$ cat run22.cif   # mmCIF, C-alpha atoms
data_final
loop_
_atom_site.label_atom_id
_atom_site.label_comp_id
_atom_site.auth_asym_id
_atom_site.auth_seq_id
_atom_site.Cartn_x
_atom_site.Cartn_y
_atom_site.Cartn_z
CA MET A 14 116.95 85.14 80.78
CA LYS A 15 118.51 88.19 79.20
CA LYS A 16 121.36 89.56 81.31
CA ILE A 17 121.84 93.33 81.38
CA GLU A 18 124.64 95.01 83.27
CA SER A 19 126.59 98.15 83.94
CA THR A 20 130.28 97.39 83.95
CA LEU A 21 130.94 100.89 85.31
CA ILE A 22 129.32 100.16 88.67
CA LYS A 23 129.49 96.34 88.49
CA GLU A 24 125.73 95.82 88.79
CA GLN A 25 123.63 93.36 86.82
CA ALA A 26 120.02 92.35 86.31
CA TYR A 27 118.18 89.55 84.55
CA VAL A 28 115.10 90.20 82.42
CA GLU A 29 112.57 87.64 81.23
CA LYS A 30 109.28 88.12 79.39
CA LEU A 31 106.96 85.25 80.29
CA GLU A 32 104.56 83.56 77.86
CA ASN A 33 101.63 85.57 79.23
CA GLY A 34 103.53 88.83 78.63
CA LEU A 35 104.67 89.57 82.20
CA THR A 36 108.08 91.26 82.38
CA VAL A 37 110.18 89.91 85.26
CA ILE A 38 113.34 91.77 86.37
CA LEU A 39 115.60 90.01 88.87
CA ILE A 40 118.47 91.89 90.52
CA PRO A 41 120.72 89.65 92.64
CA LYS A 42 122.51 91.33 95.57
CA PRO A 43 124.55 88.53 97.20
CA PHE A 44 125.71 90.44 100.28
CA THR A 45 122.40 91.49 101.77
CA ASN A 46 119.93 89.79 104.11
CA LYS A 47 116.89 91.62 102.76
CA LYS A 48 114.70 90.85 99.78
CA TYR A 49 112.32 93.28 98.12
CA ALA A 50 109.54 92.42 95.67
CA ILE A 51 107.39 94.92 93.80
CA TRP A 52 104.68 94.13 91.25
CA GLY A 53 103.39 97.03 89.20
CA THR A 54 100.86 97.67 86.49
CA LYS A 55 101.01 100.51 84.00
CA PHE A 56 97.75 101.99 85.24
CA GLY A 57 97.78 105.35 86.98
CA SER A 58 95.52 108.29 87.66
CA ILE A 59 95.96 109.68 84.12
CA ASP A 60 94.55 106.50 82.51
CA ASN A 61 90.84 107.21 82.72
CA HIS A 62 89.94 106.90 79.00
CA PHE A 63 90.90 103.81 76.98
CA ILE A 64 89.89 101.15 74.49
CA VAL A 65 89.59 97.59 75.82
CA PRO A 66 91.91 95.40 73.67
CA THR A 67 89.69 92.28 73.79
CA THR A 68 86.43 93.97 72.76
CA GLY A 69 87.42 97.24 71.07
CA LYS A 70 85.02 99.01 73.45
CA GLU A 71 85.87 102.60 74.39
CA ILE A 72 85.54 103.28 78.12
CA GLN A 73 85.84 106.47 80.17
CA VAL A 74 85.97 105.88 83.92
CA PRO A 75 85.59 108.31 86.85
CA ASP A 76 88.69 110.04 88.21
CA GLY A 77 90.40 108.11 91.01
CA VAL A 78 89.68 104.57 89.78
CA ALA A 79 93.33 103.38 89.77
CA HIS A 80 93.70 104.43 93.42
CA TYR A 81 90.30 102.95 94.38
CA LEU A 82 91.27 99.66 92.75
CA GLU A 83 94.57 99.61 94.66
CA HIS A 84 92.65 99.94 97.93
CA LYS A 85 90.32 97.06 97.06
CA MET A 86 92.93 94.54 95.92
CA PHE A 87 93.84 93.37 99.43
CA GLU A 88 90.36 92.14 100.36
CA GLN A 89 89.88 88.46 99.53
CA GLU A 90 86.83 86.24 99.04
CA ASN A 91 87.77 84.11 102.07
CA GLY A 92 87.31 87.17 104.31
CA LYS A 93 91.00 87.78 104.85
CA ASN A 94 92.86 90.99 104.12
CA SER A 95 96.17 90.21 102.41
CA LEU A 96 97.88 93.24 103.94
CA ASP A 97 97.11 91.83 107.40
CA VAL A 98 98.38 88.40 106.31
CA LEU A 99 101.69 89.89 105.14
CA MET A 100 102.10 91.98 108.29
CA SER A 101 101.50 88.88 110.45
CA LEU A 102 104.51 87.29 108.74
CA GLY A 103 106.69 90.18 109.95
CA VAL A 104 106.87 91.55 106.43
CA GLU A 105 106.78 95.27 105.58
CA ALA A 106 104.08 95.48 102.91
CA ASN A 107 102.43 98.38 101.12
CA ALA A 108 100.94 99.61 97.86
CA TYR A 109 100.78 102.95 96.07
CA THR A 110 99.27 104.67 93.05
CA THR A 111 101.03 107.33 90.97
CA ASN A 112 100.10 109.28 87.86
CA ASN A 113 101.30 106.47 85.57
CA HIS A 114 101.40 103.20 87.53
CA THR A 115 100.14 101.24 90.54
CA ALA A 116 102.40 98.96 92.60
CA TYR A 117 102.17 96.32 95.34
CA LEU A 118 105.29 95.55 97.35
CA PHE A 119 106.91 94.00 100.37
CA GLU A 120 110.35 93.86 102.00
CA CYS A 121 111.62 91.24 104.42
CA THR A 122 114.52 89.26 105.85
CA ASN A 123 112.45 86.18 106.69
CA HIS A 124 109.33 84.49 105.28
CA PHE A 125 110.02 85.73 101.74
CA HIS A 126 108.53 82.67 100.02
CA GLU A 127 105.26 82.84 101.96
CA ALA A 128 105.04 86.59 101.32
CA LEU A 129 105.68 86.19 97.58
CA ALA A 130 102.96 83.53 97.38
CA GLU A 131 100.51 85.87 99.17
CA LEU A 132 101.43 88.85 96.94
CA MET A 133 100.96 86.85 93.78
CA ASP A 134 97.70 85.39 95.05
CA TYR A 135 95.91 88.61 95.93
CA VAL A 136 97.08 90.58 92.90
CA GLN A 137 95.74 87.84 90.60
CA HIS A 138 92.44 87.29 92.44
CA PRO A 139 90.33 90.45 92.71
CA TYR A 140 87.17 90.27 94.77
CA PHE A 141 84.72 93.14 94.38
CA THR A 142 81.14 93.20 95.65
CA ASP A 143 78.59 95.99 95.87
CA GLU A 144 79.01 95.91 99.65
CA ASN A 145 82.83 96.03 99.87
CA VAL A 146 83.08 98.71 97.16
CA GLU A 147 80.56 100.86 99.02
CA LYS A 148 82.40 100.34 102.32
CA GLU A 149 85.63 101.64 100.77
CA ARG A 150 83.97 104.81 99.50
CA GLY A 151 83.89 106.35 102.96
CA ILE A 152 87.52 105.45 103.64
CA ILE A 153 88.73 107.00 100.39
CA GLY A 154 86.48 110.01 100.88
CA GLN A 155 88.16 110.59 104.24
CA GLU A 156 91.57 110.31 102.55
CA ILE A 157 90.53 112.89 99.95
CA ARG A 158 89.45 115.30 102.70
CA MET A 159 92.74 114.72 104.49
CA TYR A 160 94.75 115.61 101.36
CA ASP A 161 92.53 118.64 100.76
CA ASP A 162 93.82 119.92 104.11
CA GLU A 163 97.46 119.05 103.38
CA PRO A 164 99.32 122.25 102.32
CA SER A 165 102.16 120.51 100.45
CA TRP A 166 99.70 118.44 98.38
CA LYS A 167 97.56 121.47 97.51
CA LEU A 168 100.76 123.33 96.58
CA TYR A 169 101.65 120.54 94.12
CA MET A 170 98.14 120.19 92.63
CA ASN A 171 97.87 123.96 92.16
CA ALA A 172 101.22 123.87 90.37
CA MET A 173 99.90 121.17 88.00
CA GLU A 174 96.84 123.32 87.29
CA CYS A 175 99.15 126.21 86.43
CA LEU A 176 101.42 124.13 84.18
CA TYR A 177 98.80 122.23 82.18
CA HIS A 178 95.59 123.10 80.32
CA GLN A 179 94.06 119.64 79.74
CA ASN A 180 96.62 117.01 80.75
CA PRO A 181 95.09 114.53 83.24
CA ILE A 182 98.05 115.06 85.59
CA ARG A 183 95.83 117.92 86.81
CA ILE A 184 93.56 115.26 88.31
CA ASP A 185 94.07 114.35 91.96
CA ILE A 186 95.28 110.73 92.18
CA ALA A 187 92.47 109.84 94.62
CA GLY A 188 89.83 111.66 92.55
CA THR A 189 87.11 113.80 94.14
CA GLN A 190 84.13 113.07 96.40
CA GLU A 191 81.91 113.38 93.34
CA SER A 192 84.01 111.17 91.03
CA ILE A 193 84.42 108.28 93.49
CA SER A 194 80.64 108.27 94.08
CA LYS A 195 80.32 106.94 90.49
CA ILE A 196 82.71 103.99 90.97
CA ASN A 197 81.11 100.55 91.27
CA LYS A 198 82.28 96.94 91.10
CA GLU A 199 81.72 96.80 87.32
CA THR A 200 84.04 99.80 86.87
CA LEU A 201 86.72 98.10 88.97
CA TYR A 202 86.43 94.80 87.11
CA ASP A 203 86.60 96.60 83.73
CA CYS A 204 89.82 98.32 84.78
CA TYR A 205 91.28 95.24 86.44
CA ASN A 206 90.65 93.01 83.41
CA THR A 207 92.18 95.59 81.08
CA PHE A 208 95.17 96.91 83.01
CA TYR A 209 96.05 94.03 85.35
CA HIS A 210 96.78 91.70 82.47
CA PRO A 211 100.36 90.31 82.80
CA SER A 212 101.36 91.91 79.49
CA ASN A 213 100.77 95.34 81.09
CA MET A 214 102.66 94.45 84.29
CA VAL A 215 106.24 94.32 85.58
CA MET A 216 107.60 92.40 88.57
CA VAL A 217 110.96 93.32 90.11
CA VAL A 218 112.71 91.32 92.82
CA CYS A 219 115.99 92.43 94.40
CA GLY A 220 118.04 90.63 97.05
CA ASN A 221 120.12 87.57 97.84
CA PHE A 222 118.91 84.77 95.54
CA LYS A 223 119.78 82.77 92.44
CA PRO A 224 117.97 84.29 89.43
CA GLU A 225 117.04 80.92 87.87
CA GLU A 226 115.46 79.66 91.09
CA MET A 227 113.59 82.93 91.66
CA LEU A 228 112.19 82.89 88.13
CA GLN A 229 110.94 79.33 88.60
CA GLU A 230 109.26 80.31 91.85
CA ILE A 231 107.50 83.26 90.22
CA GLN A 232 106.38 81.08 87.31
CA SER A 233 104.92 78.53 89.73
CA HIS A 234 102.50 81.18 91.07
CA ILE A 235 101.51 82.72 87.73
CA ILE A 236 98.02 82.28 86.31
CA HIS A 237 98.45 81.61 82.61
CA LYS A 238 96.46 83.92 80.34
CA PRO A 239 96.53 84.41 76.57
CA LEU A 240 98.56 87.39 75.39
CA GLN A 241 96.72 90.69 75.21
CA SER A 242 97.34 93.37 72.58
CA THR A 243 98.46 96.87 73.56
CA ILE A 244 95.93 99.01 75.41
CA THR A 245 94.97 102.15 73.51
CA ARG A 246 94.95 105.03 75.98
CA ILE A 247 93.16 108.23 75.04
CA TYR A 248 94.47 111.53 76.40
CA PRO A 249 93.22 115.06 75.71
CA LYS A 250 95.41 117.14 73.43
CA GLU A 251 97.56 119.46 75.54
CA GLU A 252 97.95 123.06 74.43
CA GLN A 253 101.38 124.61 74.08
CA GLY A 254 102.53 126.84 76.90
CA ILE A 255 101.41 127.08 80.51
CA CYS A 256 97.82 127.54 81.71
CA GLN A 257 98.47 130.35 84.22
CA LYS A 258 101.52 132.01 85.75
CA TYR A 259 100.57 132.12 89.40
CA LYS A 260 98.18 130.56 91.89
CA GLU A 261 97.91 131.35 95.58
CA GLN A 262 95.94 129.70 98.36
CA GLU A 263 95.54 130.44 102.06
CA MET A 264 95.86 127.50 104.47
CA GLU A 265 97.05 126.71 107.99
CA VAL A 266 100.82 127.17 107.55
CA SER A 267 103.32 128.94 109.78
CA MET A 268 105.19 130.39 106.79
CA PRO A 269 104.47 130.48 103.04
CA ILE A 270 105.53 127.46 100.97
CA PHE A 271 106.15 127.77 97.25
CA MET A 272 106.68 125.68 94.15
CA ILE A 273 108.25 127.06 90.99
CA GLY A 274 107.67 124.98 87.87
CA PHE A 275 108.90 124.92 84.27
CA LYS A 276 106.84 123.07 81.68
CA ASP A 277 108.88 120.85 79.34
CA GLU A 278 107.15 120.81 75.96
CA THR A 279 109.09 117.74 74.68
CA PRO A 280 108.46 114.94 77.22
CA LYS A 281 109.44 112.10 74.86
CA GLN A 282 112.76 113.50 73.64
CA GLU A 283 116.04 112.05 75.02
CA GLN A 284 114.41 111.27 78.36
CA VAL A 285 117.46 109.86 80.16
CA LYS A 286 120.07 112.25 78.78
CA LYS A 287 117.84 115.26 79.40
CA HIS A 288 117.03 114.04 82.93
CA ILE A 289 120.75 113.86 83.75
CA ALA A 290 121.30 117.36 82.34
CA ILE A 291 118.37 118.80 84.33
CA GLU A 292 119.62 117.23 87.57
CA ILE A 293 123.03 118.83 86.96
CA LEU A 294 121.37 122.19 86.26
CA LEU A 295 119.10 122.04 89.31
CA ASN A 296 122.10 121.37 91.54
CA MET A 297 124.11 124.15 89.89
CA LEU A 298 121.25 126.63 90.21
CA ALA A 299 119.66 125.78 93.55
CA GLY A 300 121.58 122.97 95.28
CA LYS A 301 123.05 123.42 98.77
CA SER A 302 126.42 124.55 97.38
CA SER A 303 124.89 127.00 94.86
CA HIS A 304 125.32 130.75 95.00
CA LEU A 305 121.52 131.16 95.00
CA TYR A 306 120.97 128.95 98.03
CA GLN A 307 123.81 130.52 100.02
CA THR A 308 122.56 134.05 99.22
CA LEU A 309 118.92 133.31 100.08
CA TYR A 310 119.95 131.57 103.29
CA LYS A 311 122.08 134.53 104.41
CA GLN A 312 119.24 136.92 103.58
CA GLN A 313 116.91 134.71 105.65
CA LEU A 314 114.70 134.14 102.63
CA LEU A 315 115.20 130.37 102.97
CA PHE A 316 115.35 128.27 106.11
CA SER A 317 116.06 124.83 104.67
CA SER A 318 117.29 123.25 101.44
CA LEU A 319 115.11 123.37 98.35
CA ASP A 320 113.36 120.29 96.94
CA LEU A 321 114.49 119.81 93.34
CA ASP A 322 112.75 117.44 90.94
CA TYR A 323 112.13 116.57 87.31
CA GLU A 324 108.94 114.57 86.78
CA PHE A 325 108.27 113.04 83.39
CA SER A 326 106.51 110.33 81.43
CA GLU A 327 105.46 110.02 77.79
CA GLN A 328 102.50 112.33 78.51
CA TYR A 329 104.03 115.11 80.65
CA ALA A 330 107.30 116.60 81.86
CA HIS A 331 108.12 119.45 84.21
CA ILE A 332 110.83 120.80 86.50
CA LEU A 333 109.89 121.63 90.11
CA ILE A 334 111.70 123.72 92.72
CA ALA A 335 109.97 123.91 96.11
CA GLY A 336 110.71 125.39 99.50
CA GLN A 337 109.59 127.64 102.35
CA SER A 338 110.12 131.39 102.40
CA LYS A 339 108.70 134.58 103.87
CA GLU A 340 108.92 136.13 100.40
CA PRO A 341 108.48 133.53 97.63
CA LYS A 342 108.42 136.11 94.84
CA LYS A 343 111.88 137.33 95.81
CA VAL A 344 113.13 133.75 95.60
CA GLN A 345 111.62 133.49 92.12
CA GLU A 346 113.25 136.76 91.04
CA GLN A 347 116.68 135.66 92.25
CA LEU A 348 116.27 132.25 90.62
CA LEU A 349 115.57 133.93 87.27
CA TYR A 350 118.65 136.09 87.77
CA GLU A 351 120.82 133.01 88.43
CA ILE A 352 119.37 131.24 85.38
CA GLN A 353 120.30 134.19 83.20
CA LYS A 354 123.81 134.33 84.69
CA LEU A 355 124.30 130.61 84.02
CA LYS A 356 123.08 131.03 80.44
CA GLU A 357 125.70 133.74 79.91
CA ASN A 358 128.54 131.88 81.65
CA MET A 359 128.73 128.28 82.86
CA PRO A 360 132.06 127.89 84.72
CA GLU A 361 133.83 124.69 83.62
CA GLU A 362 135.11 123.76 87.07
CA TYR A 363 131.72 124.25 88.72
CA PHE A 364 130.00 122.22 85.99
CA GLU A 365 132.44 119.31 86.38
CA ARG A 366 132.13 119.31 90.17
CA ILE A 367 128.33 119.19 90.11
CA LYS A 368 128.35 116.58 87.35
CA LYS A 369 130.48 114.30 89.57
CA LYS A 370 128.13 114.92 92.49
CA VAL A 371 125.13 113.82 90.38
CA TYR A 372 126.99 110.68 89.31
CA GLY A 373 127.68 109.90 92.96
CA ASP A 374 123.95 110.25 93.69
CA TYR A 375 123.18 107.70 90.95
CA VAL A 376 125.70 105.20 92.32
CA ALA A 377 124.33 105.63 95.86
CA GLU A 378 120.86 104.56 94.63
CA TYR A 379 122.24 101.02 94.31
CA ASN A 380 122.89 100.74 98.07
CA THR A 381 119.50 99.39 99.19
CA VAL A 382 117.29 96.68 97.71
CA GLY A 383 114.15 98.82 98.00
CA ASP A 384 115.63 101.79 96.15
CA ILE A 385 116.91 99.51 93.39
CA ALA A 386 113.64 97.64 92.87
CA ARG A 387 111.46 100.78 92.87
CA MET A 388 113.89 102.50 90.50
CA PHE A 389 113.80 99.61 87.99
CA LEU A 390 110.00 99.45 88.14
CA SER A 391 109.49 103.18 87.68
CA ASP A 392 111.98 103.37 84.80
CA THR A 393 110.51 100.33 83.05
CA MET A 394 107.05 101.92 83.20
CA LYS A 395 108.55 104.89 81.30
CA GLY A 396 110.23 102.61 78.74
CA ILE A 397 113.69 103.29 80.18
CA GLN A 398 116.49 100.83 80.93
CA THR A 399 117.75 101.90 84.36
CA PHE A 400 121.45 101.33 83.66
CA ASP A 401 121.19 103.95 80.89
CA TYR A 402 121.60 106.66 83.54
CA ILE A 403 125.07 105.33 84.30
CA GLU A 404 125.93 104.51 80.69
CA GLN A 405 124.78 107.86 79.22
CA TYR A 406 126.29 109.99 81.98
CA ALA A 407 129.61 110.48 80.13
CA SER A 408 127.82 111.75 77.00
CA VAL A 409 126.27 114.68 78.89
CA ASN A 410 128.77 117.47 78.22
CA LYS A 411 128.62 121.17 78.98
CA GLU A 412 127.38 122.08 75.51
CA TYR A 413 124.41 119.74 75.83
CA VAL A 414 123.60 121.01 79.34
CA LYS A 415 123.67 124.61 78.08
CA LYS A 416 121.22 123.60 75.32
CA VAL A 417 118.86 122.03 77.89
CA LEU A 418 119.18 125.14 80.08
CA ALA A 419 118.15 127.39 77.17
CA GLU A 420 115.23 125.16 76.14
CA ASN A 421 113.80 124.13 79.50
CA PHE A 422 114.44 127.02 81.90
CA ASP A 423 112.44 129.58 79.95
CA GLU A 424 110.53 132.28 81.84
CA LYS A 425 107.57 132.03 79.45
CA ASN A 426 107.02 128.43 80.60
CA MET A 427 107.50 129.20 84.31
CA ILE A 428 104.76 129.11 86.97
CA MET A 429 104.58 129.63 90.71
CA SER A 430 102.24 128.05 93.23
CA VAL A 431 102.13 129.52 96.76
CA VAL A 432 100.34 128.44 99.92
CA LYS A 433 100.46 131.19 102.53
CA GLU A 434 99.16 131.82 106.05
CA LYS A 435 95.51 132.64 106.53
CA ASN A 436 94.82 136.26 107.34
CA SER A 437 93.70 136.63 110.94
#
$ encode --input "run22.cif" --output "structure tokens"
Amino acid sequence: MKKIESTLIKEQAYVEKLENGLTVILIPKPFTNKKYAIWGTKFGSIDNHFIVPTTGKEIQVPDGVAHYLEHKMFEQENGKNSLDVLMSLGVEANAYTTNNHTAYLFECTNHFHEALAELMDYVQHPYFTDENVEKERGIIGQEIRMYDDEPSWKLYMNAMECLYHQNPIRIDIAGTQESISKINKETLYDCYNTFYHPSNMVMVVCGNFKPEEMLQEIQSHIIHKPLQSTITRIYPKEEQGICQKYKEQEMEVSMPIFMIGFKDETPKQEQVKKHIAIEILLNMLAGKSSHLYQTLYKQQLLFSSLDLDYEFSEQYAHILIAGQSKEPKKVQEQLLYEIQKLKENMPEEYFERIKKKVYGDYVAEYNTVGDIARMFLSDTMKGIQTFDYIEQYASVNKEYVKKVLAENFDEKNMIMSVVKEKNS
């Protein structure tokens, strides 16, 4: 196994690529009672158009397939549901689908070996029939309706529609009632056989164990398959600039919620270094200690802290600032004013203080086995080595942060999504 480590925070991980292409990442944490396993495939809601490596056949599938497939993976041919089996062991188990990957996971203090065997069994043995696929359609349809009534989700999806012209991140992860009506067992098997090949998957285990023994255990449950070549994914060409500046929707909320976004036109450039710089900038501009937050709070334009995020992959990247306010447009105006002030003058002391705070946040992410495992999986799916955040931190100086501020906090690439109260 290849050992990777960060001497700065005294953390280490072991990486092995198995003969069938599966990447295994093992992170020993000797002083914990918990273990956390997560098995992910690089197949998310944006991957609806691709070329099958084994046949060269081009396939376009309905929106929501990755999420539908995640739902169906637990049901087994013997009539059991693997989620129920895991829960009966006293194990916390779950699964999720994002824009760029799907993951199956569990966390436990006891019964780890039985849980790992169950996880590796159900993920490698799909069972789809016309009947069980049809049964799931109603369940997922209900979930879609639920999210359609969820203000924070509509706020986010409306923001994506403002930021992007064609990018499939505009697509709801669960799809639509119409798109899921076109999903059948053949669609699910096509996607499973393409994207659930070990060469497109990553398994991360974090906890108290010996890496060599854990690797042997994983290998004992693996179904051996011949290597598969890289999947060709087809995405629509995204236009430069944003799609629209503003979108507003009325829903059942007690006070308007808003999301301000900035489209990053260079998602593949210096991903880690730029991410660090943007986190520093977001904290300087709108963190709890910022002048903007204190001013808005005193003016009663904000009632809680703002949610600050930078989402990115090889296909998309954007900055998001979200919160609740009686007057969202005034928040946007004051944010633009603070951005301009910071562009004109970035105080050295303030910059250094916030930079240290961001570093502390990174170190704190290594406190729990779940956070560590999910972080390594998510970063690996983006082609990032997680320790790079710690290792590249020192190289992010004020000059570089000012450059990122000028390039990525540009009013011409800014949007606002608002969900406000329904008029009586």
$ resolve_selection --input "run22.cif" --expression "the PyMOL selection byres ((chain A and resi 153) around 10)" --output "PDB file with C-alpha atoms, in the frame of the given file"
ATOM      1  CA  GLY A  77      90.400 108.110  91.010  1.00  0.00           C
ATOM      2  CA  HIS A  80      93.700 104.430  93.420  1.00  0.00           C
ATOM      3  CA  TYR A  81      90.300 102.950  94.380  1.00  0.00           C
ATOM      4  CA  HIS A  84      92.650  99.940  97.930  1.00  0.00           C
ATOM      5  CA  LYS A 148      82.400 100.340 102.320  1.00  0.00           C
ATOM      6  CA  GLU A 149      85.630 101.640 100.770  1.00  0.00           C
ATOM      7  CA  ARG A 150      83.970 104.810  99.500  1.00  0.00           C
ATOM      8  CA  GLY A 151      83.890 106.350 102.960  1.00  0.00           C
ATOM      9  CA  ILE A 152      87.520 105.450 103.640  1.00  0.00           C
ATOM     10  CA  GLY A 154      86.480 110.010 100.880  1.00  0.00           C
ATOM     11  CA  GLN A 155      88.160 110.590 104.240  1.00  0.00           C
ATOM     12  CA  GLU A 156      91.570 110.310 102.550  1.00  0.00           C
ATOM     13  CA  ILE A 157      90.530 112.890  99.950  1.00  0.00           C
ATOM     14  CA  ARG A 158      89.450 115.300 102.700  1.00  0.00           C
ATOM     15  CA  MET A 159      92.740 114.720 104.490  1.00  0.00           C
ATOM     16  CA  ALA A 187      92.470 109.840  94.620  1.00  0.00           C
ATOM     17  CA  GLY A 188      89.830 111.660  92.550  1.00  0.00           C
ATOM     18  CA  THR A 189      87.110 113.800  94.140  1.00  0.00           C
ATOM     19  CA  GLN A 190      84.130 113.070  96.400  1.00  0.00           C
ATOM     20  CA  ILE A 193      84.420 108.280  93.490  1.00  0.00           C
TER      21      ILE A 193
END
$ resolve_selection --input "run22.cif" --expression "the PyMOL selection byres ((chain A and resi 250) around 10)" --output "list in words"
His178, Gln179, Asn180, Ile247, Tyr248, Pro249, Glu251, Glu252, Gln253 and Gln328 of chain A
$ write_last_selection --input "run22.cif" --atoms "C-alpha atoms" --output "PDB file, keeping the file's coordinate frame"
ATOM      1  CA  HIS A 178      95.590 123.100  80.320  1.00  0.00           C
ATOM      2  CA  GLN A 179      94.060 119.640  79.740  1.00  0.00           C
ATOM      3  CA  ASN A 180      96.620 117.010  80.750  1.00  0.00           C
ATOM      4  CA  ILE A 247      93.160 108.230  75.040  1.00  0.00           C
ATOM      5  CA  TYR A 248      94.470 111.530  76.400  1.00  0.00           C
ATOM      6  CA  PRO A 249      93.220 115.060  75.710  1.00  0.00           C
ATOM      7  CA  GLU A 251      97.560 119.460  75.540  1.00  0.00           C
ATOM      8  CA  GLU A 252      97.950 123.060  74.430  1.00  0.00           C
ATOM      9  CA  GLN A 253     101.380 124.610  74.080  1.00  0.00           C
ATOM     10  CA  GLN A 328     102.500 112.330  78.510  1.00  0.00           C
TER      11      GLN A 328
END
$ resolve_selection --input "run22.cif" --expression "the PyMOL selection byres ((chain A and resi 230) around 12)" --output "list in words"
Val37, Leu39, Phe125, His126, Glu127, Leu129, Ala130, Met133, Val218, Phe222, Lys223, Pro224, Glu225, Glu226, Met227, Leu228, Gln229, Ile231, Gln232, Ser233, His234 and Ile235 of chain A
$ atom_distance --input "run22.cif" --atom1 "CA of Gln284 in chain A" --atom2 "CA of Phe325 in chain A"
8.1 Å
$ closest_residue --input "run22.cif" --among "A:Pro164, A:Pro239, A:Gly300, A:Gly220" --to "Met264 in chain A" --atoms "only C-alpha atoms"
A:Pro164
$ residues_around --input "run22.cif" --residues "Lys16 in chain A" --least-positions-apart "3" --cutoff "10 Å" --atoms "only C-alpha atoms" --output "list in words"
Gln25, Ala26, Tyr27, Val28, Glu29, Ile38, Leu39 and Ile40 of chain A
